[in-house]
Amino acid sequence: MDSTSVAKEGDSYTKALGNRQVQMIAIGGAIGVGLFLGAGGKLQQVGPSLIFSYAICGVAAYFVMRALGELVLHEPSSGSFVTYARKFIGPWAGFVSGWMYWVNWAMTGIAEITAVAIYVHRWLPDVPQWITALVALGVLLAVNLLSVKLFGELEFWFSVVKVLAIVVFLITAIGLVLTGANIGGTTAGVHNLVDRGGLFPAGLGIALMTLQAVIFAYSAIEVVGIAAGETKDARKVLPKAINGVVWRIGVFYVGSVLLLAMLLPWPFYNGGESPFVTVFSRLGIAGIGDVMNAVVLTAALSSCNSGLYSTGRILRALADKGEAPKFVGRMSSRHVPYGGILFTSIVYVLGVVLNYIVPQEAFDIAIAVASLGVVATWATLIYSQLRMRQAALRGEVERPSYRMPGAPYTGWATLGFLVLVVVLMGFSDGAEKIAFYSIPVLVVVLAVGWRIVSRRRTAEVPAAAVEAD
């Protein structure tokens with residue numbers, strides 16, 4: 001793909017996102033329901049070893065973001081990894097990675113929009129959950145369809161709420177640990193890390209099984225790369241946002257889980273409520289459950305908001321190449337890819353209905369399948385960077401000064417880790433195994449889809465030649 005075609009791809013978008021918004025979109029992408037809600041159940045399952053899972057996945061996420069940064073600085077594009085996969089791996093890779101990313105957000109959206117309804121049900125128990133879910137989806141859909149700037153502002157404030165909640169928790173938790181505070185009859189301190197079975201009370205094997213859930217918790221960090229095509233001075237703004245990922249991961253994720261494990265013995269947590277709510281409720285602080293419920297609600301809304309934004313851009317990138325229905329590539333007069341956004345929102349509505357009818361297992365399966373999309377996206381970014389580096393060594397392209405550290409070894413190591421995560425899913429007894437066995441189905445569907453696209457292109461070339469004659 002030459003520079004001219006890249007420019008044309010970006011011409012339809014407005015540069016409406018500034019440094020303040022991009023920085024907070026990056027931060028918001030690194031804080032989600034996986035931490036606010038999911039960490040409790042995993043702590044109960046594997047104990048303090050969850051700290052190591054978050055740290056290891058955090059290292060992988062950091063290298064993924066650095067690979068993304070190098071690619072973005074080489075060629076800012078709202079097509080993001082779809083554009084890079086198509087250029088450095090092959091047309092089929094762009095098709096597969098784009099649709100796998102859509103699968104990720106479609107499944108995530110099904111889970112998150114239902115979660116919004118569950119959270120609101122705490123305050124409005126007489127209102128049917130499906131009504132709440134549709135109202136929330138309607139508001140987020142309107143925000144995304146109106147303008148990119150409005151999306152940026154909403155995501156900015158969503159991220160502010162999440163960051164403030166984490167900062168307040170970290171400061172409070174450090175104080176509780178240092179003073180050995182009494183929390184509902186137990187004493188906070190480092191001893192909680194080893195008192196009940198050591199750091200790996202459930203064993204190393206069970207601890208490794210949590211990697212898939214933790215990978216999902218880190219999902220959405222790549223949204224900042226998709227925002228590149230609509231960012232003012234992307235080559236200056238984006239490196240700052242990407243560089244911040246490493247300390248956000250260290251402080252917000254690993255730091256939070258470490259403190260949670262020190263505040264209470266790990267068996268005190270459960271998957272039925274946020275671990276943050278568990279801690280503060282045992283302190284006897286009135287109303288903290290409602291406060292944290294509001295924060296988790298914000299995290300779910302933020303995730304849905306980002307999902308509509310990113311899939312709209314990715315689907316348009318696919319439609320531009322004839323790899324998705326023409327409708328999803330349509331742009332509004334406000335420079336918003338409304339076709340892709342509406343297409344994803346329809347799936348979200350179907351997800352609300354599905355979760356209303358099907359038991360809790362449907363929610364868990366959606367999350368597990370979504371993690372396959374996350375792994376596929378991360379692997380695509382890493383491999384695209386490796387191929388770009390090879391092209392640069394051959395003198396075909398010029399690498400930017402902002403580069404993947406330790407390349408190519410860090411890239412191959414990260415790819416190996418992602419393969420391990422997928423393989424481990426097959427040894428699970430839960431929804432992860434169902435997601436693992438869905439891989440052949442996804443492969444067949446994508447292979448058939450690519451064959452149809454290829455045949456259509458082959459048929460169009462002779463037709464174009466005849467018209468030219």
# chains A, B, ... in the order shown; residues from 1 in each chain; ligands from 1
$ residues_around --residues "region 334-351 of chain A" --least-positions-apart "4" --cutoff "10 Å" --atoms "only C-alpha atoms" --output "ChimeraX atom specification"
/A:11-14,102-103,105-114,130,133-134,137-138,140-141,144-148,304,307-319,324-330,355-357,362-363,366
$ closest_residue --among "A:Arg282, A:His121, A:Arg457, A:Arg248" --to "Tyr62 (chain A)" --atoms "only C-alpha atoms"
A:Arg248
$ select_by_dssp --residues "region 369-455 of chain A" --states "helix (DSSP H, G or I)" --output "VMD selection string"
chain A and resid 369 to 393 409 to 425 431 to 437 439 to 455
$ closest_residue --among "A:Ala370, A:Leu68, A:Ile434, A:Ala117" --to "Phe81 (chain A)" --atoms "only C-alpha atoms"
A:Leu68
$ closest_residue --among "A:Val64, A:Ile221, A:Val120, A:Val419" --to "Asp290 (chain A)" --atoms "only C-alpha atoms"
A:Val120
$ atom_distance --atom1 "CA of Pro48 (chain A)" --atom2 "CA of Leu418 (chain A)"
22.4 Å
$ select_by_dssp --residues "region 109-209 of chain A" --states "strand (DSSP E)" --output "JSON, numbers by chain"
{"A": [182, 183, 186, 187]}
$ closest_residue --among "A:Tyr269, A:Thr380, A:Leu372, A:His74" --to "Val423 (chain A)" --atoms "only C-alpha atoms"
A:Leu372
$ residues_around --residues "Asp195 (chain A)" --least-positions-apart "6" --cutoff "12 Å" --atoms "only C-alpha atoms" --output "PyMOL selection string"
chain A and resi 47-48+187-189+201+261-262+264-267
$ residues_around --residues "Ala286 (chain A)" --least-positions-apart "6" --cutoff "12 Å" --atoms "only C-alpha atoms" --output "list in words"
Val277, Phe280 and Met292 of chain A
$ write_last_selection --atoms "N, CA, C and O atoms" --output "short mmCIF file (atom, residue, chain, number, x, y, z; two decimals), in the first residue's frame"
data_model
loop_
_atom_site.label_atom_id
_atom_site.label_comp_id
_atom_site.auth_asym_id
_atom_site.auth_seq_id
_atom_site.Cartn_x
_atom_site.Cartn_y
_atom_site.Cartn_z
N VAL A 277 -15.70 -3.84 46.27
CA VAL A 277 -16.89 -3.76 47.11
C VAL A 277 -16.73 -4.68 48.33
O VAL A 277 -17.10 -4.31 49.45
N PHE A 280 -14.38 -2.82 50.95
CA PHE A 280 -14.97 -1.67 51.62
C PHE A 280 -16.22 -2.03 52.41
O PHE A 280 -16.52 -1.40 53.42
N MET A 292 -19.30 1.77 44.29
CA MET A 292 -18.55 0.87 43.43
C MET A 292 -19.41 0.30 42.31
O MET A 292 -18.93 0.04 41.20
#
$ residues_around --residues "region 213-218 of chain A" --least-positions-apart "5" --cutoff "9 Å" --atoms "only C-alpha atoms" --output "ChimeraX atom specification"
/A:29-35,38-39,42,50,53-54,57-58,61,249,367-368,370-372,374-375,421,432
$ closest_residue --among "A:Ala60, A:Gly180, A:Leu150, A:Leu193" --to "Gly416 (chain A)" --atoms "only C-alpha atoms"
A:Ala60
$ decode --residues "region 343-449 of chain A" --atoms "C-alpha atoms" --output "CSV table (one decimal), in the first residue's frame"
chain,number,residue,atom,x,y,z
A,343,PHE,CA,-24.2,-3.4,12.2
A,344,THR,CA,-22.5,-4.0,15.5
A,345,SER,CA,-25.3,-2.5,17.5
A,346,ILE,CA,-27.8,-5.0,15.9
A,347,VAL,CA,-25.6,-7.8,17.3
A,348,TYR,CA,-25.6,-6.1,20.7
A,349,VAL,CA,-29.5,-6.1,20.6
A,350,LEU,CA,-29.5,-9.8,19.7
A,351,GLY,CA,-27.1,-10.3,22.6
A,352,VAL,CA,-29.5,-8.7,25.1
A,353,VAL,CA,-32.2,-11.0,23.9
A,354,LEU,CA,-29.9,-14.0,24.1
A,355,ASN,CA,-28.8,-13.3,27.6
A,356,TYR,CA,-32.4,-12.7,28.7
A,357,ILE,CA,-33.3,-16.2,27.4
A,358,VAL,CA,-30.2,-18.2,28.1
A,359,PRO,CA,-28.8,-18.9,31.6
A,360,GLN,CA,-25.6,-17.4,33.0
A,361,GLU,CA,-23.4,-19.7,31.0
A,362,ALA,CA,-24.1,-17.6,27.8
A,363,PHE,CA,-22.4,-14.6,29.5
A,364,ASP,CA,-19.3,-16.6,30.3
A,365,ILE,CA,-19.1,-18.2,26.9
A,366,ALA,CA,-19.3,-14.7,25.3
A,367,ILE,CA,-16.3,-13.6,27.3
A,368,ALA,CA,-14.3,-16.7,26.5
A,369,VAL,CA,-15.0,-16.3,22.7
A,370,ALA,CA,-14.1,-12.6,23.0
A,371,SER,CA,-10.7,-13.5,24.3
A,372,LEU,CA,-10.0,-15.5,21.1
A,373,GLY,CA,-10.5,-12.2,19.2
A,374,VAL,CA,-8.1,-10.4,21.6
A,375,VAL,CA,-5.4,-13.0,21.1
A,376,ALA,CA,-5.9,-12.9,17.3
A,377,THR,CA,-5.6,-9.1,17.4
A,378,TRP,CA,-2.5,-9.1,19.5
A,379,ALA,CA,-0.8,-11.8,17.4
A,380,THR,CA,-1.6,-9.8,14.3
A,381,LEU,CA,0.1,-6.7,15.6
A,382,ILE,CA,3.2,-8.6,16.8
A,383,TYR,CA,3.6,-10.5,13.5
A,384,SER,CA,3.0,-7.4,11.4
A,385,GLN,CA,5.8,-5.6,13.3
A,386,LEU,CA,8.1,-8.6,12.7
A,387,ARG,CA,7.3,-8.5,9.0
A,388,MET,CA,7.7,-4.7,8.8
A,389,ARG,CA,11.2,-5.1,10.5
A,390,GLN,CA,12.1,-7.7,7.9
A,391,ALA,CA,10.9,-5.4,5.1
A,392,ALA,CA,13.0,-2.6,6.6
A,393,LEU,CA,16.1,-4.8,6.7
A,394,ARG,CA,15.6,-5.4,2.9
A,395,GLY,CA,15.4,-1.6,2.4
A,396,GLU,CA,11.7,-1.7,1.3
A,397,VAL,CA,10.3,0.5,4.0
A,398,GLU,CA,11.7,2.9,6.6
A,399,ARG,CA,11.2,2.1,10.3
A,400,PRO,CA,10.3,5.0,12.6
A,401,SER,CA,12.6,6.0,15.5
A,402,TYR,CA,10.0,4.7,17.9
A,403,ARG,CA,10.6,1.0,17.8
A,404,MET,CA,9.7,-2.3,19.4
A,405,PRO,CA,12.3,-3.0,22.2
A,406,GLY,CA,14.2,-6.2,21.9
A,407,ALA,CA,12.9,-7.0,18.5
A,408,PRO,CA,12.7,-9.6,17.0
A,409,TYR,CA,13.2,-11.8,20.1
A,410,THR,CA,10.5,-10.1,22.2
A,411,GLY,CA,8.0,-10.4,19.3
A,412,TRP,CA,8.5,-14.1,19.0
A,413,ALA,CA,8.4,-14.6,22.7
A,414,THR,CA,5.1,-12.8,22.9
A,415,LEU,CA,3.6,-14.8,20.0
A,416,GLY,CA,4.7,-18.0,21.8
A,417,PHE,CA,3.0,-16.8,25.0
A,418,LEU,CA,-0.3,-16.1,23.1
A,419,VAL,CA,-0.2,-19.6,21.6
A,420,LEU,CA,0.2,-21.0,25.1
A,421,VAL,CA,-2.9,-19.1,26.3
A,422,VAL,CA,-5.0,-20.6,23.6
A,423,VAL,CA,-3.7,-24.1,24.2
A,424,LEU,CA,-4.4,-23.8,27.9
A,425,MET,CA,-8.1,-23.0,27.1
A,426,GLY,CA,-8.5,-26.5,25.8
A,427,PHE,CA,-7.6,-27.9,29.3
A,428,SER,CA,-10.3,-25.9,31.1
A,429,ASP,CA,-13.5,-27.4,32.4
A,430,GLY,CA,-15.5,-24.2,32.0
A,431,ALA,CA,-16.6,-21.9,29.2
A,432,GLU,CA,-13.0,-21.6,28.0
A,433,LYS,CA,-13.2,-25.1,26.7
A,434,ILE,CA,-16.3,-24.3,24.7
A,435,ALA,CA,-14.5,-21.3,23.2
A,436,PHE,CA,-11.5,-23.5,22.4
A,437,TYR,CA,-13.6,-25.9,20.4
A,438,SER,CA,-15.3,-23.1,18.6
A,439,ILE,CA,-11.9,-22.3,16.9
A,440,PRO,CA,-12.4,-24.8,14.1
A,441,VAL,CA,-15.8,-23.3,13.4
A,442,LEU,CA,-14.3,-19.8,13.2
A,443,VAL,CA,-11.6,-21.1,10.9
A,444,VAL,CA,-14.1,-22.7,8.5
A,445,VAL,CA,-16.3,-19.6,8.4
A,446,LEU,CA,-13.4,-17.3,7.8
A,447,ALA,CA,-11.9,-19.6,5.1
A,448,VAL,CA,-15.2,-19.8,3.3
A,449,GLY,CA,-15.7,-16.0,3.6
